[in-house]
Structure formats: structure tokens, C-alpha cells
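Novice: Structure provided below as C-alpha cells; questions to follow.
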Amino acid sequence: MVRKVVRYLNNPVLEQVAEPVTEFDTPELHQLVTDMFDTMYKAHGVGLAAPQINVSKRVTVIDITGGDEDEEPEQIVLINPQVTYTEGKQTGEEGCLSIPGFREPVRRPRIATVRAQDVAGAWFEITGEELLARAMMHEIDHLNGVLFLSHLSALKRDLIKRKIRKLQKAGEWE
Ligand code: NI
């Protein structure tokens with residue numbers, strides 16, 4: 001089921017540290033993951049974190065194909081993820097489904113290794129480069145209440161915040 005994506009500044013959940021998942025393989029957890037993929041694909045995103053659908057849990061889903069019909073899906077579910085290793089740097093445009101319409105260059109590691117649990121609770125490790133490294137870092141940031149705006153200069157961040165407040169006032173930011 002497609003859920004509503006919460007927008008930045010409208011809901012404090014996006015700036016809160018999400019709670020660890022402690023129960024695995026439950027119908028609720030399976031449903032949450034399914035709903036997150038549905039919501040992400042509908043919005044043409046490559047990643048989504050549970051707080052973005054107003055669920056303050058440490059769950060993220062990623063598919064860097066973005067549901068492109070010409071490509072095999074590459075669904076990744078990261079539960080209680082921890083970044084264990086990073087290497088190098090990359091700078092590229094980043095956006096966020098909770099801040100639609102704004103894209104800015106963000107510097108991230110070029111390679112990232114993450115340890116996480118799957119829906120059954122089993123620990124695994126995954127290493128991503130380029131877009132996958134960027135997506136994992138962006139989504140794990142969400143679980144710590146951090147948005148990509150935090151990686152911009154204060155000047156740029158304030159400018160975007162002002163624009164969002166204007167859109168809120170105009171009723172164009174629901
Ligand atoms: Ni995001």
C-alpha cells in the first residue's frame with residue numbers, strides 16, 4: 001500500500017532519531033517493508049526511510065534502479081543499519097522525497113560498507129559504490145534525523161528553508 005510521504009518542516013518525525021527494530025519476521029514488519037517499496041516506486045525514488053512515512057523505526061529500503069521496467073529490480077532492505085567502513089569521496093546532486101523539488105550537490109563517501117539486519121533479523125554486510133553508497137548514506141542519515149540539507153552550507157540551507165516556508169504559506173507544501 002502506498003503511504004503518504006511526510007515533508008520536511010511539516011512533521012518533526014524527520015528530525016528525530018528512529019527506534020531500533022527488536023521484533024523480526026512479524027506481519028507488521030513485512031507489511032512496512034512492502035509499503036515502503038510501494039511508496040518509493042510510486043514516487044520514483046531510489047530509497048526511502050521509515051520516518052518518511054511517519055514510522056520512527058530504523059528501517060530503510062533502497063533500489064537504485066528506481067523501479068525502471070527495463071532493469072531487474074535490486075531491492076535492498078536495511079534494518080538497524082550501521083556504517084562500518086567508508087572510503088573516498090564523491091560529489092553529486094541529491095534530492096529527497098521529503099523535500100521535493102530541491103536538489104543540491106552533496107559530498108558523500110565513494111564507497112560505503114553497511115552492516116544491517118534483514119526482515120528475519122539475520123545480520124549481513126553490504127558494500128556499495130557510487131550511487132548505492134550515496135543512497136545508503138542518505139537513508140541511514142534519515143534514521144538519525146538528519147536530512148541532506150545538513151550537508152549544505154548554512155546559507156544554502158536557510159535559503160531552501162525560506163522557500164519551503166513560503167510554499168507552506170501558499171498551501172503548496174502538504
Ligand atoms: Ni531522503
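If you're wondering about the labels, chains in the C-alpha cells are A, B, ... by order shown, residues count from 1 in each chain, ligands from 1 in order shown.
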Do you know which residues are within 12 Å of ligand 1 using only C-alpha atoms and all ligand atoms? Can you write them as an MDAnalysis selection string?
Specialist: chainID A and resid 5:8 14:15 40 43 45:53 60:62 94:100 102:103 134:150
Novice: Could you write out that same residue set with C-alpha atoms as a PDB file, in the first residue's frame?
Specialist:
ATOM      1  CA  VAL A   5       5.382  10.768   2.350  1.00  0.00           C
ATOM      2  CA  VAL A   6       5.932  13.241   5.152  1.00  0.00           C
ATOM      3  CA  ARG A   7       7.526  16.529   4.127  1.00  0.00           C
ATOM      4  CA  TYR A   8      10.337  18.365   5.816  1.00  0.00           C
ATOM      5  CA  LEU A  14      12.007  13.577  10.135  1.00  0.00           C
ATOM      6  CA  GLU A  15      14.355  15.175  12.640  1.00  0.00           C
ATOM      7  CA  MET A  40       9.203   4.630  -3.054  1.00  0.00           C
ATOM      8  CA  ALA A  43       7.324   8.497  -6.036  1.00  0.00           C
ATOM      9  CA  GLY A  45      12.676   7.411  -5.661  1.00  0.00           C
ATOM     10  CA  VAL A  46      15.711   5.168  -5.209  1.00  0.00           C
ATOM     11  CA  GLY A  47      15.450   4.990  -1.426  1.00  0.00           C
ATOM     12  CA  LEU A  48      13.065   5.563   1.441  1.00  0.00           C
ATOM     13  CA  ALA A  49      13.408   5.552   5.221  1.00  0.00           C
ATOM     14  CA  ALA A  50      10.548   4.628   7.575  1.00  0.00           C
ATOM     15  CA  PRO A  51      10.398   8.086   9.241  1.00  0.00           C
ATOM     16  CA  GLN A  52       9.441   9.456   5.814  1.00  0.00           C
ATOM     17  CA  ILE A  53       6.120   7.638   6.140  1.00  0.00           C
ATOM     18  CA  THR A  60      15.182   1.735   5.033  1.00  0.00           C
ATOM     19  CA  VAL A  61      14.562   0.374   1.565  1.00  0.00           C
ATOM     20  CA  ILE A  62      16.716   1.057  -1.488  1.00  0.00           C
ATOM     21  CA  GLU A  94      20.971  14.723  -4.223  1.00  0.00           C
ATOM     22  CA  GLY A  95      17.272  15.075  -3.619  1.00  0.00           C
ATOM     23  CA  CYS A  96      14.820  13.705  -1.083  1.00  0.00           C
ATOM     24  CA  LEU A  97      11.182  12.623  -1.370  1.00  0.00           C
ATOM     25  CA  SER A  98      10.513  14.635   1.803  1.00  0.00           C
ATOM     26  CA  ILE A  99      11.937  17.786   0.198  1.00  0.00           C
ATOM     27  CA  PRO A 100      10.567  17.530  -3.343  1.00  0.00           C
ATOM     28  CA  PHE A 102      15.078  20.750  -4.298  1.00  0.00           C
ATOM     29  CA  ARG A 103      18.296  19.150  -5.478  1.00  0.00           C
ATOM     30  CA  ARG A 134      25.220   7.639  -1.694  1.00  0.00           C
ATOM     31  CA  ALA A 135      21.743   6.109  -1.263  1.00  0.00           C
ATOM     32  CA  MET A 136      22.782   4.098   1.794  1.00  0.00           C
ATOM     33  CA  MET A 137      24.398   7.120   3.463  1.00  0.00           C
ATOM     34  CA  HIS A 138      21.367   9.316   2.685  1.00  0.00           C
ATOM     35  CA  GLU A 139      18.865   6.771   4.049  1.00  0.00           C
ATOM     36  CA  ILE A 140      20.877   5.971   7.179  1.00  0.00           C
ATOM     37  CA  ASP A 141      21.096   9.720   7.835  1.00  0.00           C
ATOM     38  CA  HIS A 142      17.266   9.749   7.874  1.00  0.00           C
ATOM     39  CA  LEU A 143      17.262   7.204  10.721  1.00  0.00           C
ATOM     40  CA  ASN A 144      19.328   9.651  12.741  1.00  0.00           C
ATOM     41  CA  GLY A 145      17.043  12.582  11.993  1.00  0.00           C
ATOM     42  CA  VAL A 146      19.499  14.050   9.501  1.00  0.00           C
ATOM     43  CA  LEU A 147      18.416  15.412   6.112  1.00  0.00           C
ATOM     44  CA  PHE A 148      20.675  16.147   3.149  1.00  0.00           C
ATOM     45  CA  LEU A 149      20.208  19.848   3.903  1.00  0.00           C
ATOM     46  CA  SER A 150      22.527  19.335   6.900  1.00  0.00           C
TER      47      SER A 150
END
Novice: Can you list every residue in region 30-111 of chain A that DSSP puts in strand (DSSP E), as a ChimeraX atom specification?
Specialist: /A:47-49,59-62,76-87,90-94,104-108,111
Novice: DSSP on the backbone, helix (DSSP H, G or I) only: what residues of chain A does that give? Format it as a PyMOL selection string.
Specialist: chain A and resi 12-15+27-42+50-53+130-143+148-151+154-169
Novice: How many Å separate CA of Pro73 (chain A) from CA of Asp38 (chain A)?
Specialist: 12.7 Å
Novice: May I ask which of the residues A:Leu131, A:Leu155, A:Val114, A:Ile160 is the closest one to Thr65 (chain A), counting only C-alpha atoms?
Specialist: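 Using only C-alpha atoms, the shortest distance to Thr65 (chain A) belongs to A:Leu131.
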Novice: At a cut-off of 6 Å, using only C-alpha atoms, what residues contact Thr86 (chain A)? Leave out same-chain residues fewer than 6 positions from it and give the result as a tab-separated table (two decimals) with C-alpha atoms, in the first residue's frame.
Specialist:
chain	number	residue	atom	x	y	z
A	109	PRO	CA	31.93	8.68	0.56
A	111	ILE	CA	32.38	3.53	-1.13
A	112	ALA	CA	30.40	2.55	1.96
Novice: Determine, counting only C-alpha atoms, which protein, DNA and RNA residues have an atom within 8 Å of an atom of Val33 (chain A); residues of the same chain fewer than 4 positions away are not included. Present the result as an MDAnalysis selection string.
Specialist: chainID A and resid 29 37 59 61 77
Novice: Those same residues, written as an mmCIF file, in the first residue's frame with all heavy atoms?
Specialist:
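part.cif written:
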data_model
loop_
_atom_site.group_PDB
_atom_site.id
_atom_site.type_symbol
_atom_site.label_atom_id
_atom_site.label_comp_id
_atom_site.auth_asym_id
_atom_site.auth_seq_id
_atom_site.Cartn_x
_atom_site.Cartn_y
_atom_site.Cartn_z
ATOM 1 N N LEU A 29 6.150 -5.999 10.234
ATOM 2 C CA LEU A 29 7.428 -5.605 9.631
ATOM 3 C C LEU A 29 7.422 -5.894 8.120
ATOM 4 O O LEU A 29 7.853 -5.064 7.317
ATOM 5 C CB LEU A 29 8.600 -6.318 10.317
ATOM 6 C CG LEU A 29 10.007 -5.894 9.870
ATOM 7 C CD1 LEU A 29 10.235 -4.399 10.056
ATOM 8 C CD2 LEU A 29 11.073 -6.682 10.627
ATOM 9 N N PHE A 37 8.437 -0.007 -0.182
ATOM 10 C CA PHE A 37 8.800 -0.167 -1.596
ATOM 11 C C PHE A 37 7.703 0.413 -2.494
ATOM 12 O O PHE A 37 7.994 1.130 -3.452
ATOM 13 C CB PHE A 37 9.064 -1.637 -1.947
ATOM 14 C CG PHE A 37 10.471 -2.093 -1.649
ATOM 15 C CD1 PHE A 37 10.715 -3.064 -0.694
ATOM 16 C CD2 PHE A 37 11.556 -1.540 -2.325
ATOM 17 C CE1 PHE A 37 12.016 -3.482 -0.414
ATOM 18 C CE2 PHE A 37 12.861 -1.947 -2.055
ATOM 19 C CZ PHE A 37 13.089 -2.924 -1.099
ATOM 20 N N VAL A 59 14.386 1.444 9.712
ATOM 21 C CA VAL A 59 14.166 0.617 8.524
ATOM 22 C C VAL A 59 14.332 1.496 7.287
ATOM 23 O O VAL A 59 13.760 2.586 7.231
ATOM 24 C CB VAL A 59 12.738 0.011 8.513
ATOM 25 C CG1 VAL A 59 12.520 -0.834 7.261
ATOM 26 C CG2 VAL A 59 12.471 -0.816 9.765
ATOM 27 N N VAL A 61 14.567 1.189 2.779
ATOM 28 C CA VAL A 61 14.562 0.374 1.565
ATOM 29 C C VAL A 61 15.264 1.165 0.467
ATOM 30 O O VAL A 61 15.183 2.397 0.428
ATOM 31 C CB VAL A 61 13.135 -0.015 1.112
ATOM 32 C CG1 VAL A 61 12.428 -0.815 2.197
ATOM 33 C CG2 VAL A 61 12.310 1.198 0.712
ATOM 34 N N VAL A 77 16.930 -4.130 1.669
ATOM 35 C CA VAL A 77 16.269 -3.722 2.907
ATOM 36 C C VAL A 77 17.336 -3.663 3.992
ATOM 37 O O VAL A 77 18.056 -4.641 4.213
ATOM 38 C CB VAL A 77 15.176 -4.747 3.314
ATOM 39 C CG1 VAL A 77 14.509 -4.325 4.617
ATOM 40 C CG2 VAL A 77 14.144 -4.906 2.194
#
Novice: Within 12 Å of Arg165 (chain A), counting only C-alpha atoms, which residues qualify if same-chain residues fewer than 4 places away don't, as a PyMOL selection string?
Specialist: chain A and resi 7-10+99+158-161+169-174
Novice: Calculate how many Å separate CA of Glu74 (chain A) from CA of Tyr41 (chain A), rounding to one decimal.
Specialist: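 It comes out at 12.1 Å.
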Novice: Could you tell me which of A:Val119, A:Thr34, A:Leu132, A:Glu125 comes closest to Gly66 (chain A) if we count only C-alpha atoms?
Specialist: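 Closest candidate: A:Leu132.
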Novice: Rank A:Gln90, A:Thr127, A:Asn11, A:Gln168 by their smallest atom-to-atom distance to Arg108 (chain A), using only C-alpha atoms, and report the top residue only.
Specialist: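 For Arg108 (chain A), the nearest of the given residues is A:Gln90.
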Novice: Quick one: distance from CA of Arg3 (chain A) to CA of Leu78 (chain A) in Å, one decimal?
Specialist: 18.9 Å
Novice: I'd like to know which of A:Thr91, A:Ala133, A:Val55, A:Ile76 is closest to Glu28 (chain A), using only C-alpha atoms.
Specialist: A:Val55
